[in-house]
file input31.txt (compact mmCIF, C-alpha atoms and all ligand atoms)
# COMPACT_ATOMS: atom_id res chain seq x y z
CA MET A 10 42.50 40.27 -101.26
CA ASP A 11 46.02 39.89 -99.81
CA ASP A 12 45.10 40.74 -96.28
CA VAL A 13 42.51 38.02 -95.87
CA TYR A 14 43.01 35.92 -92.75
CA GLU A 15 42.44 32.19 -92.83
CA ILE A 16 41.24 32.03 -89.23
CA LEU A 17 39.94 34.99 -87.26
CA ILE A 18 39.24 34.32 -83.58
CA VAL A 19 36.95 36.43 -81.43
CA GLY A 20 38.29 36.73 -77.87
CA ALA A 21 41.57 35.73 -76.22
CA GLY A 22 40.35 33.62 -73.31
CA PRO A 23 41.55 30.01 -72.87
CA ALA A 24 39.51 28.92 -75.91
CA GLY A 25 40.68 31.78 -78.15
CA LEU A 26 44.36 31.40 -77.23
CA THR A 27 44.19 27.64 -77.82
CA ALA A 28 42.49 28.09 -81.21
CA GLY A 29 45.21 30.66 -82.00
CA LEU A 30 47.93 28.20 -81.05
CA TYR A 31 46.55 25.41 -83.25
CA GLY A 32 45.70 27.74 -86.14
CA SER A 33 49.15 29.34 -86.32
CA ARG A 34 50.92 26.02 -85.68
CA SER A 35 49.09 24.69 -88.76
CA ASN A 36 50.74 27.56 -90.71
CA LEU A 37 47.44 29.32 -91.25
CA LYS A 38 47.24 33.12 -91.22
CA THR A 39 45.58 33.47 -87.84
CA VAL A 40 44.53 36.51 -85.81
CA ILE A 41 42.86 36.84 -82.41
CA ILE A 42 40.91 40.02 -81.70
CA GLU A 43 40.34 40.74 -78.00
CA LYS A 44 38.42 43.67 -76.56
CA GLY A 45 40.41 43.66 -73.32
CA LEU A 46 43.61 41.83 -72.45
CA PRO A 47 44.48 38.19 -73.21
CA GLY A 48 43.24 35.73 -70.57
CA GLY A 49 39.46 36.11 -70.50
CA GLN A 50 37.89 34.86 -67.26
CA LEU A 51 41.30 33.65 -66.06
CA LEU A 52 42.05 37.26 -65.24
CA ASN A 53 39.14 37.22 -62.73
CA THR A 54 40.20 33.95 -61.14
CA GLU A 55 42.39 33.91 -58.07
CA VAL A 56 43.59 30.30 -58.03
CA ILE A 57 43.00 27.32 -60.33
CA GLU A 58 43.37 23.79 -58.97
CA ASP A 59 41.64 21.73 -61.66
CA TYR A 60 43.56 22.37 -64.88
CA THR A 61 45.44 19.18 -65.57
CA GLY A 62 49.17 19.45 -64.98
CA PHE A 63 48.84 22.48 -62.73
CA GLU A 64 47.97 21.57 -59.14
CA HIS A 65 47.88 25.21 -58.12
CA ILE A 66 48.27 28.19 -60.44
CA THR A 67 46.92 31.72 -60.37
CA GLY A 68 44.57 32.73 -63.17
CA VAL A 69 46.92 35.53 -64.26
CA GLU A 70 49.89 33.16 -64.46
CA LEU A 71 47.96 30.61 -66.54
CA ALA A 72 46.76 33.42 -68.85
CA GLN A 73 50.35 34.60 -69.37
CA LYS A 74 51.53 31.05 -70.11
CA MET A 75 48.70 30.46 -72.60
CA GLU A 76 49.38 33.77 -74.36
CA ALA A 77 53.14 33.16 -74.59
CA HIS A 78 52.53 29.62 -75.89
CA ALA A 79 50.14 30.83 -78.61
CA ARG A 80 52.52 33.65 -79.64
CA LYS A 81 55.39 31.16 -79.99
CA PHE A 82 53.71 29.79 -83.11
CA GLY A 83 53.21 33.24 -84.61
CA VAL A 84 49.57 34.06 -83.96
CA GLU A 85 48.76 37.75 -84.27
CA ILE A 86 46.91 39.12 -81.22
CA LYS A 87 45.13 42.47 -81.39
CA THR A 88 43.97 43.79 -78.01
CA GLY A 89 41.67 46.62 -77.02
CA GLU A 90 39.45 46.16 -80.09
CA GLU A 91 35.85 45.07 -79.63
CA ILE A 92 34.18 43.20 -82.46
CA LYS A 93 30.87 44.87 -83.22
CA SER A 94 29.69 42.93 -86.26
CA ILE A 95 30.40 39.71 -88.16
CA ARG A 96 28.60 38.69 -91.32
CA ARG A 97 29.23 36.52 -94.33
CA VAL A 98 29.69 38.51 -97.54
CA ASP A 99 30.61 36.86 -100.86
CA GLY A 100 31.97 33.69 -99.24
CA LEU A 101 34.17 35.54 -96.72
CA PHE A 102 33.47 36.85 -93.24
CA GLU A 103 33.49 40.61 -92.84
CA VAL A 104 34.42 41.49 -89.27
CA LYS A 105 34.06 45.04 -87.99
CA THR A 106 35.43 46.83 -84.96
CA ASP A 107 35.21 50.58 -84.40
CA GLU A 108 38.79 50.86 -85.71
CA ASN A 109 39.03 48.31 -88.55
CA THR A 110 37.31 45.96 -90.99
CA TYR A 111 38.85 42.50 -91.32
CA HIS A 112 38.17 39.67 -93.76
CA SER A 113 38.63 36.00 -93.04
CA ILE A 114 37.84 32.63 -94.60
CA THR A 115 36.75 31.20 -91.24
CA VAL A 116 35.79 32.65 -87.87
CA ILE A 117 36.03 30.90 -84.51
CA VAL A 118 33.88 32.59 -81.90
CA THR A 119 35.33 32.20 -78.41
CA ALA A 120 33.88 35.30 -76.76
CA GLY A 121 32.68 33.55 -73.58
CA GLY A 122 29.84 34.99 -71.59
CA THR A 123 28.96 37.14 -68.64
CA ALA A 124 27.46 35.94 -65.38
CA GLN A 125 24.62 38.15 -64.25
CA LYS A 126 25.38 39.98 -61.02
CA LEU A 127 23.11 40.75 -58.09
CA GLY A 128 24.36 44.33 -58.02
CA VAL A 129 24.43 44.54 -54.23
CA PRO A 130 27.08 46.13 -51.98
CA GLY A 131 29.97 43.77 -51.25
CA GLU A 132 29.46 41.62 -54.35
CA ASP A 133 32.35 43.05 -56.36
CA ALA A 134 34.58 43.66 -53.34
CA TYR A 135 34.32 40.01 -52.23
CA SER A 136 34.41 38.43 -55.69
CA GLY A 137 37.01 35.64 -55.41
CA ARG A 138 37.03 36.08 -51.61
CA GLY A 139 33.79 34.25 -50.88
CA VAL A 140 31.60 35.36 -53.78
CA SER A 141 31.58 32.99 -56.74
CA TYR A 142 29.61 32.31 -59.91
CA CYS A 143 30.99 28.81 -60.52
CA ALA A 144 30.41 25.83 -58.18
CA VAL A 145 32.69 23.40 -60.02
CA CYS A 146 35.50 25.98 -59.98
CA ASP A 147 35.26 27.15 -56.38
CA GLY A 148 33.13 24.65 -54.40
CA ALA A 149 36.16 22.76 -53.05
CA PHE A 150 37.44 25.96 -51.39
CA PHE A 151 34.40 25.86 -49.06
CA ASN A 152 34.85 22.42 -47.52
CA GLY A 153 33.02 22.25 -44.17
CA GLN A 154 31.78 25.84 -44.45
CA VAL A 155 28.37 27.47 -44.66
CA ILE A 156 27.32 28.38 -48.19
CA THR A 157 24.47 30.54 -49.44
CA VAL A 158 23.28 29.90 -53.00
CA VAL A 159 21.26 32.63 -54.70
CA GLY A 160 18.74 31.84 -57.45
CA GLY A 161 15.90 29.50 -58.32
CA GLY A 162 16.44 28.24 -61.86
CA ASP A 163 18.08 25.03 -63.07
CA ALA A 164 21.62 26.36 -62.58
CA ALA A 165 21.00 27.47 -58.98
CA VAL A 166 19.32 24.24 -57.89
CA GLU A 167 21.75 21.98 -59.74
CA GLU A 168 24.78 23.80 -58.35
CA ALA A 169 23.28 23.86 -54.84
CA ASN A 170 22.99 20.07 -55.10
CA TYR A 171 26.62 19.91 -56.21
CA LEU A 172 27.77 22.14 -53.35
CA THR A 173 26.24 19.82 -50.72
CA ARG A 174 29.33 17.63 -51.14
CA PHE A 175 31.48 20.45 -49.72
CA GLY A 176 29.45 22.76 -47.50
CA SER A 177 28.47 21.92 -43.91
CA ARG A 178 25.15 23.67 -44.56
CA ILE A 179 23.69 25.01 -47.81
CA TYR A 180 21.11 27.81 -47.72
CA VAL A 181 19.33 28.59 -50.96
CA ALA A 182 17.91 32.11 -51.00
CA HIS A 183 15.23 32.57 -53.63
CA ARG A 184 13.13 35.68 -54.24
CA ARG A 185 9.97 33.69 -55.00
CA SER A 186 8.02 31.01 -53.10
CA GLU A 187 8.75 28.30 -55.66
CA PHE A 188 11.63 27.30 -57.94
CA ARG A 189 11.64 27.46 -61.74
CA ALA A 190 14.10 24.54 -61.85
CA GLN A 191 13.18 21.08 -63.19
CA LYS A 192 11.27 18.95 -60.68
CA ILE A 193 13.89 16.20 -60.56
CA LEU A 194 16.55 18.72 -59.47
CA GLN A 195 14.21 20.18 -56.86
CA ASP A 196 13.41 16.71 -55.46
CA GLN A 197 17.11 16.00 -55.08
CA LEU A 198 17.60 19.29 -53.24
CA PHE A 199 14.65 18.88 -50.89
CA GLN A 200 15.81 15.37 -49.94
CA ASN A 201 19.24 16.56 -48.81
CA PRO A 202 19.32 17.19 -45.04
CA LYS A 203 22.15 19.72 -45.45
CA VAL A 204 19.92 22.06 -47.44
CA GLU A 205 17.54 24.75 -46.24
CA VAL A 206 15.62 26.89 -48.70
CA ILE A 207 14.90 30.48 -47.67
CA TRP A 208 11.88 31.49 -49.76
CA ASP A 209 10.77 35.00 -50.73
CA THR A 210 14.17 36.32 -49.87
CA VAL A 211 16.76 38.49 -51.62
CA VAL A 212 20.35 39.26 -50.70
CA GLU A 213 20.70 42.95 -49.84
CA GLU A 214 24.41 43.01 -49.00
CA ILE A 215 27.45 40.76 -48.67
CA LYS A 216 29.67 41.47 -45.67
CA GLY A 217 32.93 40.26 -44.15
CA ASN A 218 36.45 41.24 -43.19
CA ALA A 219 39.23 39.90 -45.41
CA VAL A 220 36.75 37.32 -46.74
CA VAL A 221 32.96 36.94 -46.65
CA ASN A 222 31.41 35.94 -43.30
CA ARG A 223 27.74 36.96 -43.63
CA VAL A 224 24.96 38.06 -45.92
CA VAL A 225 22.17 40.51 -45.29
CA LEU A 226 18.84 38.97 -46.30
CA LYS A 227 15.49 40.67 -46.85
CA ASN A 228 12.16 38.90 -46.89
CA VAL A 229 10.32 40.51 -49.81
CA LYS A 230 6.88 39.75 -48.31
CA THR A 231 7.38 40.92 -44.73
CA GLY A 232 10.23 43.40 -45.30
CA GLU A 233 12.16 41.75 -42.44
CA ILE A 234 15.93 42.20 -42.70
CA ARG A 235 18.42 39.92 -40.96
CA GLU A 236 22.08 39.00 -41.07
CA HIS A 237 22.88 35.42 -41.85
CA PRO A 238 26.30 33.75 -41.32
CA SER A 239 27.82 32.46 -44.57
CA GLU A 240 31.38 31.98 -45.80
CA GLY A 241 30.50 31.28 -49.43
CA VAL A 242 27.97 33.08 -51.62
CA PHE A 243 27.30 31.38 -54.96
CA ILE A 244 25.22 33.46 -57.35
CA PHE A 245 23.34 31.76 -60.20
CA ILE A 246 20.83 34.22 -61.59
CA GLY A 247 21.75 33.99 -65.27
CA PHE A 248 24.66 33.70 -67.73
CA LYS A 249 24.59 35.59 -70.99
CA PRO A 250 26.78 34.31 -73.85
CA ASN A 251 28.57 37.06 -75.83
CA THR A 252 27.06 36.60 -79.28
CA TYR A 253 25.60 40.09 -79.81
CA PHE A 254 27.93 40.80 -82.78
CA LEU A 255 26.82 37.81 -84.91
CA ASP A 256 24.63 39.42 -87.55
CA ASP A 257 23.81 36.11 -89.29
CA HIS A 258 22.21 34.73 -86.09
CA PRO A 259 23.53 31.15 -85.95
CA ALA A 260 21.37 28.51 -84.27
CA HIS A 261 21.35 28.72 -80.48
CA ASP A 262 19.62 27.08 -77.53
CA GLU A 263 16.98 28.76 -75.37
CA SER A 264 19.61 30.46 -73.21
CA GLY A 265 21.40 31.87 -76.28
CA HIS A 266 24.39 29.47 -76.30
CA LEU A 267 25.54 28.54 -79.82
CA ILE A 268 24.70 25.07 -81.09
CA THR A 269 27.50 23.23 -82.88
CA ASN A 270 28.14 19.75 -84.22
CA ASP A 271 31.06 17.67 -82.91
CA ARG A 272 33.46 19.58 -85.20
CA MET A 273 32.41 22.81 -83.41
CA GLU A 274 30.72 24.03 -86.61
CA THR A 275 27.67 26.24 -86.27
CA ASN A 276 24.96 26.05 -88.93
CA ILE A 277 26.75 28.86 -90.83
CA PRO A 278 29.51 27.44 -93.08
CA GLY A 279 32.96 28.50 -91.87
CA LEU A 280 31.69 29.79 -88.52
CA PHE A 281 32.90 27.75 -85.54
CA ALA A 282 32.23 28.19 -81.82
CA ALA A 283 34.21 27.04 -78.78
CA GLY A 284 34.26 27.48 -75.00
CA ASP A 285 31.78 29.05 -72.62
CA LEU A 286 29.43 30.41 -75.29
CA ARG A 287 28.78 26.97 -76.76
CA SER A 288 25.70 25.00 -75.74
CA GLN A 289 27.07 22.23 -73.49
CA LEU A 290 26.93 20.66 -70.05
CA VAL A 291 29.89 22.24 -68.24
CA ARG A 292 31.93 25.39 -68.64
CA GLN A 293 35.52 24.83 -67.54
CA ILE A 294 38.98 25.69 -68.85
CA THR A 295 39.65 22.07 -69.80
CA ASN A 296 36.68 21.78 -72.11
CA ALA A 297 37.12 25.32 -73.48
CA VAL A 298 40.60 24.37 -74.69
CA GLY A 299 39.28 21.01 -75.93
CA ASP A 300 36.55 22.70 -77.96
CA ALA A 301 39.06 25.18 -79.35
CA THR A 302 41.47 22.45 -80.42
CA ILE A 303 38.71 20.76 -82.40
CA ALA A 304 37.45 24.07 -83.83
CA ALA A 305 40.90 25.14 -85.11
CA LEU A 306 41.71 21.76 -86.64
CA ALA A 307 38.24 21.49 -88.18
CA ALA A 308 38.70 25.03 -89.59
CA GLU A 309 42.00 23.89 -91.11
CA LYS A 310 40.21 20.98 -92.83
CA TYR A 311 37.41 23.30 -93.98
CA ILE A 312 39.96 25.69 -95.55
CA THR A 313 41.93 22.87 -97.21
CA HIS A 314 38.70 21.44 -98.67
CA LEU A 315 37.61 24.89 -99.90
CA LYS A 316 40.98 25.58 -101.56
CA HIS A 317 40.92 22.14 -103.19
CA LYS A 318 37.45 22.81 -104.61
CA GLN A 319 38.54 26.26 -105.86
CA SER A 320 41.66 24.87 -107.62
CA GLU A 321 39.55 22.09 -109.20
CA ALA A 322 37.06 24.68 -110.45
CA SER A 323 39.77 26.86 -111.96
CA ALA A 324 41.66 23.92 -113.57
C1 LIG B 401 35.52 33.71 -61.07
C2 LIG B 401 35.68 32.50 -61.97
C3 LIG B 401 36.45 31.44 -61.56
C4 LIG B 401 36.63 30.32 -62.38
N1 LIG B 401 37.42 29.32 -61.94
C5 LIG B 401 37.65 28.25 -62.75
C6 LIG B 401 38.47 27.17 -62.33
O1 LIG B 401 39.01 27.18 -61.22
N2 LIG B 401 38.64 26.12 -63.18
C7 LIG B 401 38.04 26.07 -64.41
O2 LIG B 401 38.25 25.11 -65.14
N3 LIG B 401 37.23 27.07 -64.83
C8 LIG B 401 37.02 28.14 -64.03
N4 LIG B 401 36.18 29.14 -64.44
C9 LIG B 401 35.53 29.02 -65.76
C10 LIG B 401 36.56 29.37 -66.87
O3 LIG B 401 37.17 30.58 -66.55
C11 LIG B 401 35.84 29.44 -68.21
O4 LIG B 401 35.20 28.20 -68.47
C12 LIG B 401 36.84 29.76 -69.33
O5 LIG B 401 37.49 30.99 -69.09
C13 LIG B 401 36.11 29.82 -70.67
O6 LIG B 401 37.01 30.25 -71.64
P1 LIG B 401 36.51 30.99 -72.95
O7 LIG B 401 37.75 31.28 -73.72
O8 LIG B 401 35.41 30.24 -73.58
O9 LIG B 401 35.83 32.37 -72.46
P2 LIG B 401 36.40 33.58 -71.62
O10 LIG B 401 37.44 33.19 -70.68
O11 LIG B 401 35.19 34.27 -71.09
O12 LIG B 401 37.09 34.53 -72.72
C14 LIG B 401 36.31 35.23 -73.65
C15 LIG B 401 37.11 36.44 -74.16
O13 LIG B 401 36.39 37.04 -75.23
C16 LIG B 401 36.51 38.45 -75.13
N5 LIG B 401 35.40 39.07 -75.84
C17 LIG B 401 34.06 39.00 -75.55
N6 LIG B 401 33.34 39.70 -76.45
C18 LIG B 401 34.24 40.22 -77.34
C19 LIG B 401 34.10 41.05 -78.50
N7 LIG B 401 32.91 41.47 -78.94
N8 LIG B 401 35.23 41.41 -79.18
C20 LIG B 401 36.45 40.98 -78.74
N9 LIG B 401 36.64 40.22 -77.64
C21 LIG B 401 35.55 39.83 -76.96
C22 LIG B 401 36.45 38.68 -73.62
O14 LIG B 401 37.02 39.95 -73.29
C23 LIG B 401 37.28 37.52 -73.09
O15 LIG B 401 38.65 37.85 -72.98
C24 LIG B 401 36.00 30.28 -63.65
C25 LIG B 401 35.20 31.36 -64.07
C26 LIG B 401 35.04 32.47 -63.25
C27 LIG B 401 34.20 33.62 -63.72
call {"tool": "encode", "arguments": {"input": "input31.txt", "output": "structure tokens"}}
result
Amino acid sequence: MDDVYEILIVGAGPAGLTAGLYGSRSNLKTVIIEKGLPGGQLLNTEVIEDYTGFEHITGVELAQKMEAHARKFGVEIKTGEEIKSIRRVDGLFEVKTDENTYHSITVIVTAGGTAQKLGVPGEDAYSGRGVSYCAVCDGAFFNGQVITVVGGGDAAVEEANYLTRFGSRIYVAHRRSEFRAQKILQDQLFQNPKVEVIWDTVVEEIKGNAVVNRVVLKNVKTGEIREHPSEGVFIFIGFKPNTYFLDDHPAHDESGHLITNDRMETNIPGLFAAGDLRSQLVRQITNAVGDATIAALAAEKYITHLKHKQSEASA
């Protein structure tokens, strides 16, 4: 087949664009397929202050720079096409969108994930203006301010602990009367004098002017509703990795993130994973691009090895 790609990348976020850069720079026939526009979560990020070399850059600007850089080396980028299915057929990957069927020797999955939303009034309107789903990304913007954390699992309690280094006061609103989080994380939280847990409570609405200044809380046992001052609202009620199109079901952890080795290989030969959808400790731009660098160069080695074996067999 003439039109077989050597590397096909799912998603054009920071990981996908970086894999595209390294793939095309290695002279491999490389394509990125993106269901929206290039940039991924960068397009939802106002300002970035922790990507090395850029003290202050908007998400949109960084996305444009990453896209232009990847294109410089000749990567093909197809936008507005959602991948619906990927499976291994006769030693190649068959990749389907509603519009096309592609074939590739390797696939690098960099489709990120989606943070679960509360679905309350004000959440979307104030996203990036007080509402956040990432403590490492946005915590520093709330120095000396009051923060409300929503959730009760490991992520919520761990990130609430992390946010105590910035916020003057951290309220943790949880809909139940106990946390699901590991005990060690809970102990840390309860010992911190800056923290107050508001049990049996859900957020009904997020309010403010130009930015958030209060949340409306409802006690689910008594029905009492009250307004509570808060400049930051950090929501940690779940994060779903985008792996729904992987028909061969590669190994994943209990939250659905793909498990790889240190070459970013999944347990399916030729299928690599990088960025937010990979099982790992932190999800940041720096490590997404690091993963993707490894994945693309490991894919290059995989292809070279495969071609070598094929030429030996046919000799
Ligand atoms: C509001 C916010 C602020 C953040 N701020 C920072 C920060 O300041 N610093 C920092 O380091 N990190 C920050 N992060 C985290 C950072 O954005 C992510 O770690 C990073 O974007 C991960 O890159 P990725 O390429 O793995 O995934 P993503 O950026 O999520 O990109 C995945 C891409 O895959 C596409 N895709 C998904 N499914 C399909 C499909 N089926 N077919 C085709 N395409 C598909 C998506 O449309 C998307 O473009 C922030 C995140 C958010 C949400």
call {"tool": "residues_near_ligand", "arguments": {"input": "input31.txt", "ligand": "ligand LIG 401 (chain B)", "cutoff": "7 Å", "atoms": "all atoms listed in the file", "output": "PyMOL selection string"}}
result
chain A and resi 19-25+42-51+53-54+56-60+90-93+119-122+137+141-143+146-147+251+254+283-286+292-295+297
call {"tool": "atom_distance", "arguments": {"input": "input31.txt", "atom1": "CA of Val40 (chain A)", "atom2": "CA of Ile16 (chain A)"}}
result
6.5 Å
call {"tool": "closest_atom_pairs", "arguments": {"input": "input31.txt", "of": "region 230-295 of chain A", "to": "region 203-212 of chain A", "cutoff": "12 Å", "atoms": "all atoms listed in the file", "output": "Markdown table"}}
result
| residue | atom | partner | partner_atom | distance |
| --- | --- | --- | --- | --- |
| A:Lys230 | CA | A:Asp209 | CA | 6.6 |
| A:Thr231 | CA | A:Asp209 | CA | 9.1 |
| A:Gly232 | CA | A:Thr210 | CA | 9.3 |
| A:Glu233 | CA | A:Thr210 | CA | 9.4 |
| A:Ile234 | CA | A:Thr210 | CA | 9.4 |
| A:Arg235 | CA | A:Val212 | CA | 10.0 |
| A:Glu236 | CA | A:Val212 | CA | 9.8 |
| A:His237 | CA | A:Val212 | CA | 10.0 |
| A:Ser239 | CA | A:Val212 | CA | 11.8 |
| A:Val242 | CA | A:Val212 | CA | 9.9 |
| A:Phe243 | CA | A:Val212 | CA | 11.3 |
| A:Ile244 | CA | A:Val212 | CA | 10.1 |
| A:Ile246 | CA | A:Val211 | CA | 11.6 |
call {"tool": "atom_distance", "arguments": {"input": "input31.txt", "atom1": "CA of Thr110 (chain A)", "atom2": "CA of Thr39 (chain A)"}}
result
15.3 Å
call {"tool": "atom_distance", "arguments": {"input": "input31.txt", "atom1": "CA of Ala308 (chain A)", "atom2": "CA of Lys249 (chain A)"}}
result
25.6 Å
call {"tool": "closest_residue", "arguments": {"input": "input31.txt", "among": "A:Val116, A:Ala72, A:Leu30, A:Ile268", "to": "Glu85 (chain A)", "atoms": "only C-alpha atoms"}}
result
A:Leu30
call {"tool": "residues_around", "arguments": {"input": "input31.txt", "residues": "Pro278 (chain A)", "least_positions_apart": "3", "cutoff": "12 Å", "atoms": "only C-alpha atoms", "output": "list in words"}}
result
Arg96, Arg97, Val98, Gly100, Leu101, Phe102, Ile114, Thr115, Val116, Ile117, Asp257, Pro259, Thr269, Asn270, Arg272, Met273, Glu274, Thr275, Phe281, Ala282, Ala307, Ala308, Tyr311, Ile312 and Leu315 of chain A
call {"tool": "write_last_selection", "arguments": {"input": "input31.txt", "atoms": "C-alpha atoms", "output": "PDB file, keeping the file's coordinate frame"}}
result
ATOM      1  CA  ARG A  96      28.600  38.690 -91.320  1.00  0.00           C
ATOM      2  CA  ARG A  97      29.230  36.520 -94.330  1.00  0.00           C
ATOM      3  CA  VAL A  98      29.690  38.510 -97.540  1.00  0.00           C
ATOM      4  CA  GLY A 100      31.970  33.690 -99.240  1.00  0.00           C
ATOM      5  CA  LEU A 101      34.170  35.540 -96.720  1.00  0.00           C
ATOM      6  CA  PHE A 102      33.470  36.850 -93.240  1.00  0.00           C
ATOM      7  CA  ILE A 114      37.840  32.630 -94.600  1.00  0.00           C
ATOM      8  CA  THR A 115      36.750  31.200 -91.240  1.00  0.00           C
ATOM      9  CA  VAL A 116      35.790  32.650 -87.870  1.00  0.00           C
ATOM     10  CA  ILE A 117      36.030  30.900 -84.510  1.00  0.00           C
ATOM     11  CA  ASP A 257      23.810  36.110 -89.290  1.00  0.00           C
ATOM     12  CA  PRO A 259      23.530  31.150 -85.950  1.00  0.00           C
ATOM     13  CA  THR A 269      27.500  23.230 -82.880  1.00  0.00           C
ATOM     14  CA  ASN A 270      28.140  19.750 -84.220  1.00  0.00           C
ATOM     15  CA  ARG A 272      33.460  19.580 -85.200  1.00  0.00           C
ATOM     16  CA  MET A 273      32.410  22.810 -83.410  1.00  0.00           C
ATOM     17  CA  GLU A 274      30.720  24.030 -86.610  1.00  0.00           C
ATOM     18  CA  THR A 275      27.670  26.240 -86.270  1.00  0.00           C
ATOM     19  CA  PHE A 281      32.900  27.750 -85.540  1.00  0.00           C
ATOM     20  CA  ALA A 282      32.230  28.190 -81.820  1.00  0.00           C
ATOM     21  CA  ALA A 307      38.240  21.490 -88.180  1.00  0.00           C
ATOM     22  CA  ALA A 308      38.700  25.030 -89.590  1.00  0.00           C
ATOM     23  CA  TYR A 311      37.410  23.300 -93.980  1.00  0.00           C
ATOM     24  CA  ILE A 312      39.960  25.690 -95.550  1.00  0.00           C
ATOM     25  CA  LEU A 315      37.610  24.890 -99.900  1.00  0.00           C
TER      26      LEU A 315
END
call {"tool": "closest_residue", "arguments": {"input": "input31.txt", "among": "A:Lys38, A:Thr67, A:Val155, A:Gly148", "to": "Leu52 (chain A)", "atoms": "only C-alpha atoms"}}
result
A:Thr67
call {"tool": "residues_near_point", "arguments": {"input": "input31.txt", "point": "(46.4, 28.7, -86.7)", "cutoff": "12 Å", "atoms": "only C-alpha atoms", "output": "PyMOL selection string"}}
result
chain A and resi 14-18+25-41+79-86+115-117+301-310+312
call {"tool": "closest_residue", "arguments": {"input": "input31.txt", "among": "A:Pro238, A:Gly247, A:Gly265, A:Gly89", "to": "Leu127 (chain A)", "atoms": "only C-alpha atoms"}}
result
A:Gly247
call {"tool": "closest_residue", "arguments": {"input": "input31.txt", "among": "A:Leu194, A:Leu255, A:Ile95, A:Ala149", "to": "Asp163 (chain A)", "atoms": "all atoms listed in the file"}}
result
A:Leu194
call {"tool": "closest_residue", "arguments": {"input": "input31.txt", "among": "A:Ile66, A:Val129, A:Ala260, A:Leu267", "to": "Glu214 (chain A)", "atoms": "only C-alpha atoms"}}
result
A:Val129
call {"tool": "decode", "arguments": {"input": "input31.txt", "residues": "region 174-202 of chain A", "atoms": "C-alpha atoms", "output": "tab-separated table (two decimals), in the first residue's frame"}}
result
chain	number	residue	atom	x	y	z
A	174	ARG	CA	0.79	26.73	49.83
A	175	PHE	CA	-1.04	29.51	47.95
A	176	GLY	CA	-4.50	30.13	49.39
A	177	SER	CA	-5.13	32.10	52.59
A	178	ARG	CA	-7.95	29.66	53.37
A	179	ILE	CA	-8.92	26.41	51.63
A	180	TYR	CA	-12.48	25.13	51.89
A	181	VAL	CA	-13.12	21.62	50.64
A	182	ALA	CA	-16.77	21.06	49.73
A	183	HIS	CA	-17.68	17.39	49.56
A	184	ARG	CA	-21.13	15.93	48.93
A	185	ARG	CA	-20.64	13.09	51.43
A	186	SER	CA	-19.69	12.95	55.12
A	187	GLU	CA	-16.39	11.19	54.48
A	188	PHE	CA	-13.66	11.23	51.82
A	189	ARG	CA	-12.83	8.38	49.43
A	190	ALA	CA	-9.19	9.57	49.31
A	191	GLN	CA	-6.30	7.58	50.80
A	192	LYS	CA	-5.96	8.00	54.57
A	193	ILE	CA	-2.47	9.47	54.39
A	194	LEU	CA	-3.72	12.30	52.15
A	195	GLN	CA	-6.69	12.91	54.44
A	196	ASP	CA	-4.42	13.06	57.52
A	197	GLN	CA	-2.25	15.67	55.82
A	198	LEU	CA	-5.32	17.74	54.98
A	199	PHE	CA	-6.89	17.56	58.44
A	200	GLN	CA	-3.60	18.63	60.05
A	201	ASN	CA	-3.38	21.83	58.02
A	202	PRO	CA	-4.85	24.80	59.94
